[in-house]
Amino acid sequence: MIPVGLERTAVEAAGRRTVRDQEALFATHEVSFAFHRTKSHFELAQTVFASADVDRGSALLLRYLQGDGLDGVSRVIDVGCGHGTLGVVLLQLDPQRTVTAVDRDALAIRYALRNAARNDQPPERHRVFGSLGYDDIDLAADDGVDLVVSNIPGKVGPAAMAELVTGAASRVRPEGLIGFVVVQPLADDLTTAVAGLGGAEVRHERSRAHTVVIARVGEPPARADGSGFERGVYDRSRIEPKVGPWRWKARTAHGIDEFDNLSYATELLRPALQGVRKGRPAVVIGPGQGHRAVMTALSGRPVSAVVSRDLLALRATMRMFADNDLPAPEHAVHDLLPPAELAGRAPLIVLHADDRTHTPWFFEAVRTCLAHLDAVDDDEPRDLVLTGKASLFGRLEADVLRRARGHIAHKESRRGFRVLRFRVPPSA
């Protein structure tokens with residue numbers, strides 16, 4: 001199992017920002033949510049679902065759950081918790097409950113933790129950690145919960161939808177509840193998945209934008225063997241990319257870029273790496289499907305660690321190394337950035353910015369990576385390779401790199417994408 005590394009409270013970066021400061025770069029504002037004689041407070045973040053206000057779908061699900069009666073519900077699982085809305089409110093309604101909240105996004109986990117603390121909910125009552133669906137929830141087969149809830153993401157595939165529903169049904173006690181809300185385009189997929197349970201007492205509610213389905217599961221189905229990831233629930237396609245002399249096999253995943261071909265940013269990585277001496281250990285941040293990490297390894301620069309805020313990206317990347325018989329990275333870190341003690345040993349860092357990258361965080365991440373490289377105890381130059389949309393790089397060069405110790409050793413653009421290698425000289 002890949003370590004998720006979310007117990008870390010501060011990743012120091014040679015005098016730069018801590019991780020808590022890094023997550024604050026995403027902050028938008030705080031909102032209050034009144035519900036059934038309770039009031040909850042939420043800090044919201046850019047790039048996490050519902051960054052402007054409490055999502056109407058979540059509010060609708062809570063309303064119908066409360067209408068059905070939540071007496072006897074003492075143990076709850078919230079899958080894809082985002083900012084933690086559902087779990088926080090359900091615990092506010094009954095402080096004697098216990099909530100297990102999970103998400104595949106490390107930033108969402110950090111904000112769910114912040115919001116549980118913001119509402120004075122003790123960690124023994126409100127556990128929050130990283131999980132890909134139910135894969136990382138440690139729950140004994142004979143120890144079902146009373147309620148599983150989820151505000152299901154709009155881009156989920158049909159197989160993942162079925163996994164969320166059947167996985168929930170298999171984790172509740174007999175006569176336990178499962179409750180889901182989806183946007184209308186996914187309503188048919190959700191109702192089909194719930195109908196497949198058979199024998200469940202089901203309630204459907206619709207608004208203009210959402211469908212809520214609540215089901216009471218008479219006899220929970222048996223749990224599937226192995227994790228959803230291992231069973232291919234998130235798989236999308238099989239491809240064999242080729243860049244120069246390198247060809248590799250890839251089983252790609254839903255919801256991650258480059259599922260059927262490579263972007264120009266990834267293709268441009270090859271000439272950028274050629275200026276780095278072979279054998280130099282690398283950390284790859286933002287590996288996506290895993291193509292950039294595998295290319296780095298194929299170039300003769302062994303990858304010691306991959307870092308991503310998306311747990312699915314980490315699992316897909318590690319699988320790609322195994323499928324191509326490449327030495328697996330020693331560390332897979334589910335976080336915003338690598339810890340200083342890890343990055344501080346790697347003279348090569350590859351950092352990617354995709355379409356969803358938050359610009360203020362990216363600029364600060366570049367500063368932090370440069371500080372990591374500056375701290376590497378090595379008498380040779382160190383390199384930071386940046387890939388992404390060219391529109392990000394103009395301000396980055398003017399505001400960050402121009403003030404940094406070192407120089408741009410390679411820069412190349414193609415059709416709106418750019419790769420840039422910044423070389424940090426040895427310490428004096």
# chains A, B, ... in the order shown; residues from 1 in each chain; ligands from 1
>>> residues_around(residues="A:Thr317", least_positions_apart="5", cutoff="7 Å", atoms="only C-alpha atoms", output="list in words")
Pro287, Gln289 and Gly290 of chain A
>>> write_last_selection(atoms="all heavy atoms", output="PDB file, in the first residue's frame")
ATOM      1  N   PRO A 287       3.065  13.621 -11.304  1.00  0.00           N
ATOM      2  CA  PRO A 287       3.362  12.669 -12.391  1.00  0.00           C
ATOM      3  C   PRO A 287       2.183  12.391 -13.305  1.00  0.00           C
ATOM      4  O   PRO A 287       2.370  11.788 -14.360  1.00  0.00           O
ATOM      5  CB  PRO A 287       3.767  11.401 -11.623  1.00  0.00           C
ATOM      6  CG  PRO A 287       2.990  11.484 -10.346  1.00  0.00           C
ATOM      7  CD  PRO A 287       2.957  12.946  -9.999  1.00  0.00           C
ATOM      8  N   GLN A 289      -0.604  10.517 -15.111  1.00  0.00           N
ATOM      9  CA  GLN A 289      -0.757   9.083 -15.350  1.00  0.00           C
ATOM     10  C   GLN A 289       0.531   8.324 -15.027  1.00  0.00           C
ATOM     11  O   GLN A 289       0.498   7.106 -14.819  1.00  0.00           O
ATOM     12  CB  GLN A 289      -1.116   8.827 -16.818  1.00  0.00           C
ATOM     13  CG  GLN A 289      -2.412   9.440 -17.298  1.00  0.00           C
ATOM     14  CD  GLN A 289      -3.641   8.628 -16.905  1.00  0.00           C
ATOM     15  OE1 GLN A 289      -3.550   7.610 -16.234  1.00  0.00           O
ATOM     16  NE2 GLN A 289      -4.795   9.105 -17.321  1.00  0.00           N
ATOM     17  N   GLY A 290       1.665   9.026 -15.007  1.00  0.00           N
ATOM     18  CA  GLY A 290       2.956   8.396 -14.751  1.00  0.00           C
ATOM     19  C   GLY A 290       3.941   8.543 -15.887  1.00  0.00           C
ATOM     20  O   GLY A 290       5.109   8.156 -15.773  1.00  0.00           O
TER      21      GLY A 290
END
>>> closest_atom_pairs(of="stretch 290-328 of chain A", to="stretch 343-355 of chain A", cutoff="9 Å", atoms="only C-alpha atoms", output="JSON lines")
{"residue": "A:Arg292", "atom": "CA", "partner": "A:Val350", "partner_atom": "CA", "distance": 8.3}
{"residue": "A:Ala293", "atom": "CA", "partner": "A:Val350", "partner_atom": "CA", "distance": 8.4}
{"residue": "A:Thr296", "atom": "CA", "partner": "A:Val350", "partner_atom": "CA", "distance": 8.6}
{"residue": "A:Arg301", "atom": "CA", "partner": "A:Leu348", "partner_atom": "CA", "distance": 8.5}
{"residue": "A:Ser304", "atom": "CA", "partner": "A:Ala346", "partner_atom": "CA", "distance": 7.8}
{"residue": "A:Ala305", "atom": "CA", "partner": "A:Ala343", "partner_atom": "CA", "distance": 8.5}
>>> select_by_dssp(residues="stretch 147-389 of chain A", states="strand (DSSP E or B)", output="ChimeraX atom specification")
/A:147-151,172-183,201-206,210-217,235-239,242-243,246-247,250-253,282-285,303-308,310,331-334,348-353,382-389
>>> select_by_dssp(residues="stretch 69-250 of chain A", states="helix (DSSP H, G or I)", output="NGL selection string")
:A and (85-93 or 106-118 or 158-169 or 184-195)
>>> closest_atom_pairs(of="stretch 235-330 of chain A", to="stretch 409-412 of chain A", cutoff="9 Å", atoms="only C-alpha atoms", output="tab-separated table")
residue	atom	partner	partner_atom	distance
A:Leu268	CA	A:Glu412	CA	7.3
A:Pro271	CA	A:His410	CA	8.5
A:Ala272	CA	A:His410	CA	6.3
A:Gly275	CA	A:His410	CA	8.1
>>> write_last_selection(atoms="N, CA, C and O atoms", output="PDB file, in the first residue's frame")
ATOM      1  N   LEU A 268       8.203  17.382 -24.625  1.00  0.00           N
ATOM      2  CA  LEU A 268       9.351  18.292 -24.527  1.00  0.00           C
ATOM      3  C   LEU A 268      10.263  17.960 -23.358  1.00  0.00           C
ATOM      4  O   LEU A 268      11.354  18.536 -23.232  1.00  0.00           O
ATOM      5  N   PRO A 271      14.235  16.500 -24.427  1.00  0.00           N
ATOM      6  CA  PRO A 271      15.425  17.342 -24.634  1.00  0.00           C
ATOM      7  C   PRO A 271      15.854  18.076 -23.368  1.00  0.00           C
ATOM      8  O   PRO A 271      17.047  18.350 -23.187  1.00  0.00           O
ATOM      9  N   ALA A 272      14.916  18.370 -22.470  1.00  0.00           N
ATOM     10  CA  ALA A 272      15.293  19.048 -21.226  1.00  0.00           C
ATOM     11  C   ALA A 272      16.139  18.150 -20.343  1.00  0.00           C
ATOM     12  O   ALA A 272      17.067  18.613 -19.668  1.00  0.00           O
ATOM     13  N   GLY A 275      20.343  17.426 -20.811  1.00  0.00           N
ATOM     14  CA  GLY A 275      21.418  18.224 -20.226  1.00  0.00           C
ATOM     15  C   GLY A 275      21.762  17.860 -18.808  1.00  0.00           C
ATOM     16  O   GLY A 275      22.623  18.497 -18.183  1.00  0.00           O
TER      17      GLY A 275
END
>>> closest_residue(among="A:Ser74, A:Ser40, A:Thr28, A:Gln46", to="A:Leu86", atoms="only C-alpha atoms")
A:Ser40
>>> residues_around(residues="A:Leu25", least_positions_apart="6", cutoff="9 Å", atoms="only C-alpha atoms", output="list in words")
Ala45, Gln46, His358, Pro360, Trp361 and Glu364 of chain A
>>> residues_around(residues="A:Ile137", least_positions_apart="2", cutoff="10 Å", atoms="only C-alpha atoms", output="PyMOL selection string")
chain A and resi 77+79+100-102+129-135+139-140
>>> residues_around(residues="stretch 391-399 of chain A", least_positions_apart="5", cutoff="8 Å", atoms="only C-alpha atoms", output="ChimeraX atom specification")
/A:359,363,416-418
>>> write_last_selection(atoms="N, CA and C atoms", output="PDB file, in the first residue's frame")
ATOM      1  N   THR A 359      -2.042  28.977  -9.744  1.00  0.00           N
ATOM      2  CA  THR A 359      -0.824  29.721 -10.080  1.00  0.00           C
ATOM      3  C   THR A 359      -0.041  30.202  -8.862  1.00  0.00           C
ATOM      4  N   PHE A 363       3.975  29.032  -8.211  1.00  0.00           N
ATOM      5  CA  PHE A 363       5.124  29.916  -8.055  1.00  0.00           C
ATOM      6  C   PHE A 363       5.835  29.639  -6.734  1.00  0.00           C
ATOM      7  N   GLY A 416       1.877  26.209 -27.441  1.00  0.00           N
ATOM      8  CA  GLY A 416       1.296  26.654 -26.186  1.00  0.00           C
ATOM      9  C   GLY A 416       1.803  25.941 -24.950  1.00  0.00           C
ATOM     10  N   PHE A 417       2.733  25.002 -25.103  1.00  0.00           N
ATOM     11  CA  PHE A 417       3.330  24.300 -23.964  1.00  0.00           C
ATOM     12  C   PHE A 417       4.814  24.638 -23.889  1.00  0.00           C
ATOM     13  N   ARG A 418       5.378  24.485 -22.712  1.00  0.00           N
ATOM     14  CA  ARG A 418       6.785  24.842 -22.538  1.00  0.00           C
ATOM     15  C   ARG A 418       7.452  23.906 -21.541  1.00  0.00           C
TER      16      ARG A 418
END
>>> residues_around(residues="A:Ala265", least_positions_apart="6", cutoff="8 Å", atoms="only C-alpha atoms", output="VMD selection string")
chain A and resid 387 to 389 414 417 to 419
>>> atom_distance(atom1="atom CA of A:Val233", atom2="atom CA of A:Val213")
21.7 Å
>>> closest_residue(among="A:Leu312, A:Ala169, A:Leu273, A:Ala215", to="A:Asp105", atoms="only C-alpha atoms")
A:Leu312
